[in-house]
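The structure appears right after this line, and notes come after that.
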Amino acid sequence: MSQENVEIVRMAYEGTNRRNFSNLPSIIDESCELRLPAEFPGTQTARGPEGFRRVLAELEEAFGEIKYEPQELIDEGDLVLATVRTTGHARHTGLLVDLLVFWLYTFRDGTIVGMDVYLDCVKALEAAGLQENR
């Protein structure tokens with residue numbers, strides 16, 4: 001099932017970049033909690049597919065035309081760690097935003113039941129139970 005989880009994450013980024021959210025209810029559990037770092041604008045926690053969409057809308061408001069480019073997807077069974085290059089422009093200043101963000105997805109029975117977002121690679125690896133030199 002773990003390779004299928006990686007494919008779900010990959011397809012989710014493709015849909016998000018196209019702003020097509022039709023598959024969210026089938027891949028994100030209603031009880032799924034999304035936790036974002038305090039440095040992110042807007043909401044730091046959200047629940048379920050609608051909460052996820054709301055957070056994405058807030059990010060889009062802050063950073064117009066934001067793009068998510070997965071650089072690496074690490075399969076760890078029920079966990080998938082995604083290193084994602086996130087780019088856009090700050091809407092109010094026009095400044096370029098270009099940073100790596102680390103998304104840790106927790107799966108149960110092929111559905112995302114948890115999403116934790118990190119700006120620090122070491123913290124993301126530790127949360128996934130992985131070594132930094134991996």
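Ordering of the structure tokens sets the chain letters (A, B, ...); residue numbers start at 1 within each chain; ligands are numbered from 1 in the order shown.
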Item checked: Near-region 48-55 of chain A list (6 Å; only C-alpha atoms; drop same-chain fewer than 5 positions) as a ChimeraX atom specification -> /A:24-25,28-32
Would you write out those residues with C-alpha atoms, as a compact mmCIF listing (two decimals), in the first residue's frame?
# COMPACT_ATOMS: atom_id res chain seq x y z
CA LEU A 24 -9.96 15.69 -1.99
CA PRO A 25 -12.95 13.97 -0.36
CA ILE A 28 -8.40 13.17 2.83
CA ASP A 29 -10.35 11.74 5.75
CA GLU A 30 -12.95 14.00 7.39
CA SER A 31 -11.06 13.65 10.68
CA CYS A 32 -7.67 14.50 9.12
Checklist line | Every residue of region 10-113 of chain A that DSSP places in strand (DSSP E), as an MDAnalysis selection string | finding: chainID A and resid 28:35 45:47 63:76 79:90 96:108 111:113
Note to self: Write out as a PyMOL selection string the set of residues from region 38-94 of chain A that DSSP, computed on the backbone, places in alpha helix (DSSP H).
What the structure shows: chain A and resi 48-62
Since we have the selection now, will you write its residues out, keeping C-alpha atoms, as a PDB file, in the first residue's frame?
ATOM      1  CA  GLY A  48     -10.772  17.441   6.742  1.00  0.00           C
ATOM      2  CA  PRO A  49     -10.906  18.237   3.013  1.00  0.00           C
ATOM      3  CA  GLU A  50     -12.739  21.542   3.526  1.00  0.00           C
ATOM      4  CA  GLY A  51     -10.225  22.712   6.106  1.00  0.00           C
ATOM      5  CA  PHE A  52      -7.413  21.842   3.697  1.00  0.00           C
ATOM      6  CA  ARG A  53      -9.067  23.859   0.917  1.00  0.00           C
ATOM      7  CA  ARG A  54      -9.543  26.791   3.281  1.00  0.00           C
ATOM      8  CA  VAL A  55      -5.826  26.764   4.195  1.00  0.00           C
ATOM      9  CA  LEU A  56      -4.854  26.624   0.514  1.00  0.00           C
ATOM     10  CA  ALA A  57      -7.134  29.596  -0.199  1.00  0.00           C
ATOM     11  CA  GLU A  58      -5.428  31.560   2.592  1.00  0.00           C
ATOM     12  CA  LEU A  59      -1.998  30.729   1.171  1.00  0.00           C
ATOM     13  CA  GLU A  60      -3.178  31.751  -2.292  1.00  0.00           C
ATOM     14  CA  GLU A  61      -4.389  35.052  -0.842  1.00  0.00           C
ATOM     15  CA  ALA A  62      -0.998  35.702   0.760  1.00  0.00           C
TER      16      ALA A  62
END
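You can rank A:Gln3, A:Asn17, A:Ser22, A:Thr87 by their closest distance to Leu100 (chain A) using only C-alpha atoms, and at the top of that list sits A:Thr87.
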Just the residues within 10 Å of Trp103 (chain A), please, counting only C-alpha atoms, with nothing from its chain fewer than 2 positions along; format it as a compact mmCIF listing (two decimals) with C-alpha atoms, in the first residue's frame.
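Result written to out-v6.txt:
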# COMPACT_ATOMS: atom_id res chain seq x y z
CA VAL A 9 0.48 12.45 -2.65
CA LEU A 34 -3.57 19.61 9.11
CA ARG A 35 -0.96 21.33 11.28
CA LEU A 36 1.06 24.24 9.87
CA PRO A 70 7.51 17.90 -5.10
CA LEU A 73 8.70 11.74 -1.87
CA VAL A 80 5.03 9.82 3.21
CA LEU A 81 7.50 12.67 3.62
CA ALA A 82 7.32 15.16 0.77
CA THR A 83 10.01 17.76 0.19
CA VAL A 84 8.19 20.45 -1.78
CA LEU A 100 11.45 24.15 0.64
CA VAL A 101 8.58 22.97 2.77
CA TYR A 105 1.45 12.70 5.49
CA THR A 106 0.03 9.97 7.69
CA MET A 115 -0.68 16.29 7.61
CA ASP A 116 2.14 18.02 9.46
CA VAL A 117 4.07 20.80 7.76
CA TYR A 118 7.64 21.75 8.65
CA LEU A 119 10.02 24.46 7.50
CA CYS A 121 14.18 19.46 7.33
CA ALA A 124 10.49 16.76 9.55
Note to self: Give me the residues near Phe107 (chain A) as a ChimeraX atom specification, where near means some atom within 10 Å (using only C-alpha atoms) and where sequence neighbours in that chain fewer than 3 positions away do not count.
What the structure shows: /A:1-2,5,27-29,32,77-80,104,110-115
Writing out the chosen residues with all heavy atoms as a compact mmCIF listing (two decimals), in the first residue's frame:
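Output (part24.txt):
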# COMPACT_ATOMS: atom_id res chain seq x y z
N MET A 1 0.81 -1.20 0.00
CA MET A 1 0.00 0.00 0.00
C MET A 1 0.85 1.26 0.00
O MET A 1 0.42 2.29 -0.45
CB MET A 1 -0.92 -0.02 1.23
CG MET A 1 -1.92 1.10 1.25
SD MET A 1 -3.15 0.95 -0.01
CE MET A 1 -4.60 0.85 0.97
N SER A 2 2.10 1.20 0.48
CA SER A 2 2.89 2.42 0.66
C SER A 2 3.21 3.11 -0.66
O SER A 2 3.18 4.34 -0.72
CB SER A 2 4.15 2.14 1.45
OG SER A 2 4.92 1.16 0.81
N ASN A 5 0.38 5.12 -1.56
CA ASN A 5 0.32 6.36 -0.79
C ASN A 5 1.16 7.45 -1.46
O ASN A 5 0.75 8.60 -1.53
CB ASN A 5 0.80 6.13 0.64
CG ASN A 5 -0.12 5.21 1.43
OD1 ASN A 5 -1.26 4.95 1.03
ND2 ASN A 5 0.37 4.71 2.54
N ILE A 27 -9.45 11.31 -0.82
CA ILE A 27 -8.09 11.03 -0.33
C ILE A 27 -7.80 11.61 1.05
O ILE A 27 -6.86 11.18 1.70
CB ILE A 27 -7.01 11.51 -1.33
CG1 ILE A 27 -7.03 13.02 -1.50
CG2 ILE A 27 -7.14 10.79 -2.67
CD1 ILE A 27 -5.87 13.57 -2.31
N ILE A 28 -8.61 12.57 1.51
CA ILE A 28 -8.40 13.17 2.83
C ILE A 28 -9.59 12.81 3.71
O ILE A 28 -10.73 13.16 3.41
CB ILE A 28 -8.25 14.71 2.74
CG1 ILE A 28 -7.02 15.08 1.91
CG2 ILE A 28 -8.14 15.31 4.14
CD1 ILE A 28 -6.85 16.57 1.70
N ASP A 29 -9.31 12.14 4.81
CA ASP A 29 -10.35 11.74 5.75
C ASP A 29 -10.96 12.97 6.41
O ASP A 29 -10.27 13.96 6.65
CB ASP A 29 -9.73 10.82 6.82
CG ASP A 29 -10.76 10.16 7.67
OD1 ASP A 29 -11.27 9.10 7.25
OD2 ASP A 29 -11.06 10.69 8.76
N CYS A 32 -9.07 14.14 9.35
CA CYS A 32 -7.67 14.50 9.12
C CYS A 32 -7.38 15.88 9.70
O CYS A 32 -8.10 16.84 9.45
CB CYS A 32 -7.37 14.50 7.63
SG CYS A 32 -5.71 15.04 7.22
N GLY A 77 6.03 3.48 4.57
CA GLY A 77 4.85 2.70 4.96
C GLY A 77 3.62 3.57 5.06
O GLY A 77 3.12 4.07 4.06
N ASP A 78 3.13 3.79 6.28
CA ASP A 78 1.95 4.63 6.48
C ASP A 78 2.29 6.12 6.52
O ASP A 78 1.41 6.95 6.73
CB ASP A 78 1.24 4.25 7.78
CG ASP A 78 0.52 2.91 7.66
OD1 ASP A 78 0.23 2.49 6.52
OD2 ASP A 78 0.25 2.29 8.69
N LEU A 79 3.56 6.45 6.32
CA LEU A 79 4.00 7.84 6.26
C LEU A 79 4.61 8.13 4.90
O LEU A 79 5.30 7.28 4.33
CB LEU A 79 5.05 8.13 7.33
CG LEU A 79 4.67 7.96 8.79
CD1 LEU A 79 5.90 8.18 9.68
CD2 LEU A 79 3.56 8.91 9.18
N VAL A 80 4.35 9.33 4.40
CA VAL A 80 5.03 9.82 3.21
C VAL A 80 5.57 11.20 3.56
O VAL A 80 4.81 12.08 3.99
CB VAL A 80 4.08 9.91 1.98
CG1 VAL A 80 4.79 10.56 0.80
CG2 VAL A 80 3.56 8.54 1.60
N LEU A 104 4.60 16.03 6.01
CA LEU A 104 4.56 14.65 6.48
C LEU A 104 3.10 14.20 6.49
O LEU A 104 2.28 14.74 7.22
CB LEU A 104 5.16 14.53 7.87
CG LEU A 104 5.20 13.12 8.46
CD1 LEU A 104 6.02 12.17 7.58
CD2 LEU A 104 5.76 13.16 9.88
N GLY A 110 -5.19 3.80 2.91
CA GLY A 110 -5.16 4.52 1.65
C GLY A 110 -5.76 5.92 1.69
O GLY A 110 -5.97 6.54 0.65
N THR A 111 -6.00 6.43 2.90
CA THR A 111 -6.56 7.77 3.06
C THR A 111 -5.66 8.59 3.98
O THR A 111 -5.13 8.07 4.96
CB THR A 111 -7.98 7.68 3.67
OG1 THR A 111 -8.79 6.84 2.86
CG2 THR A 111 -8.63 9.04 3.74
N ILE A 112 -5.51 9.87 3.69
CA ILE A 112 -4.69 10.76 4.51
C ILE A 112 -5.46 11.09 5.78
O ILE A 112 -6.58 11.61 5.73
CB ILE A 112 -4.33 12.05 3.75
CG1 ILE A 112 -3.53 11.71 2.48
CG2 ILE A 112 -3.53 13.00 4.65
CD1 ILE A 112 -3.34 12.88 1.53
N VAL A 113 -4.85 10.78 6.92
CA VAL A 113 -5.49 11.04 8.22
C VAL A 113 -4.72 12.08 9.04
O VAL A 113 -5.16 12.47 10.11
CB VAL A 113 -5.68 9.75 9.04
CG1 VAL A 113 -6.65 8.81 8.33
CG2 VAL A 113 -4.35 9.06 9.31
N GLY A 114 -3.57 12.53 8.52
CA GLY A 114 -2.79 13.56 9.20
C GLY A 114 -1.83 14.22 8.24
O GLY A 114 -1.28 13.56 7.35
N MET A 115 -1.65 15.54 8.39
CA MET A 115 -0.68 16.29 7.61
C MET A 115 0.02 17.26 8.56
O MET A 115 -0.63 18.07 9.20
CB MET A 115 -1.37 17.10 6.50
CG MET A 115 -1.95 16.28 5.38
SD MET A 115 -2.68 17.34 4.10
CE MET A 115 -4.38 17.34 4.64
Checklist line | Point-to-point distance from CA of Ala127 (chain A) to CA of Arg47 (chain A), Å rounded to tenths | finding: 19.8 Å
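Considering only C-alpha atoms, the residue among A:Asn23, A:Val6, A:Val97, A:Thr45 positioned nearest to Ile74 (chain A) is A:Val6.
One distance worth recording is that between CA of Thr43 (chain A) and CA of Ile66 (chain A), which is 16.8 Å.
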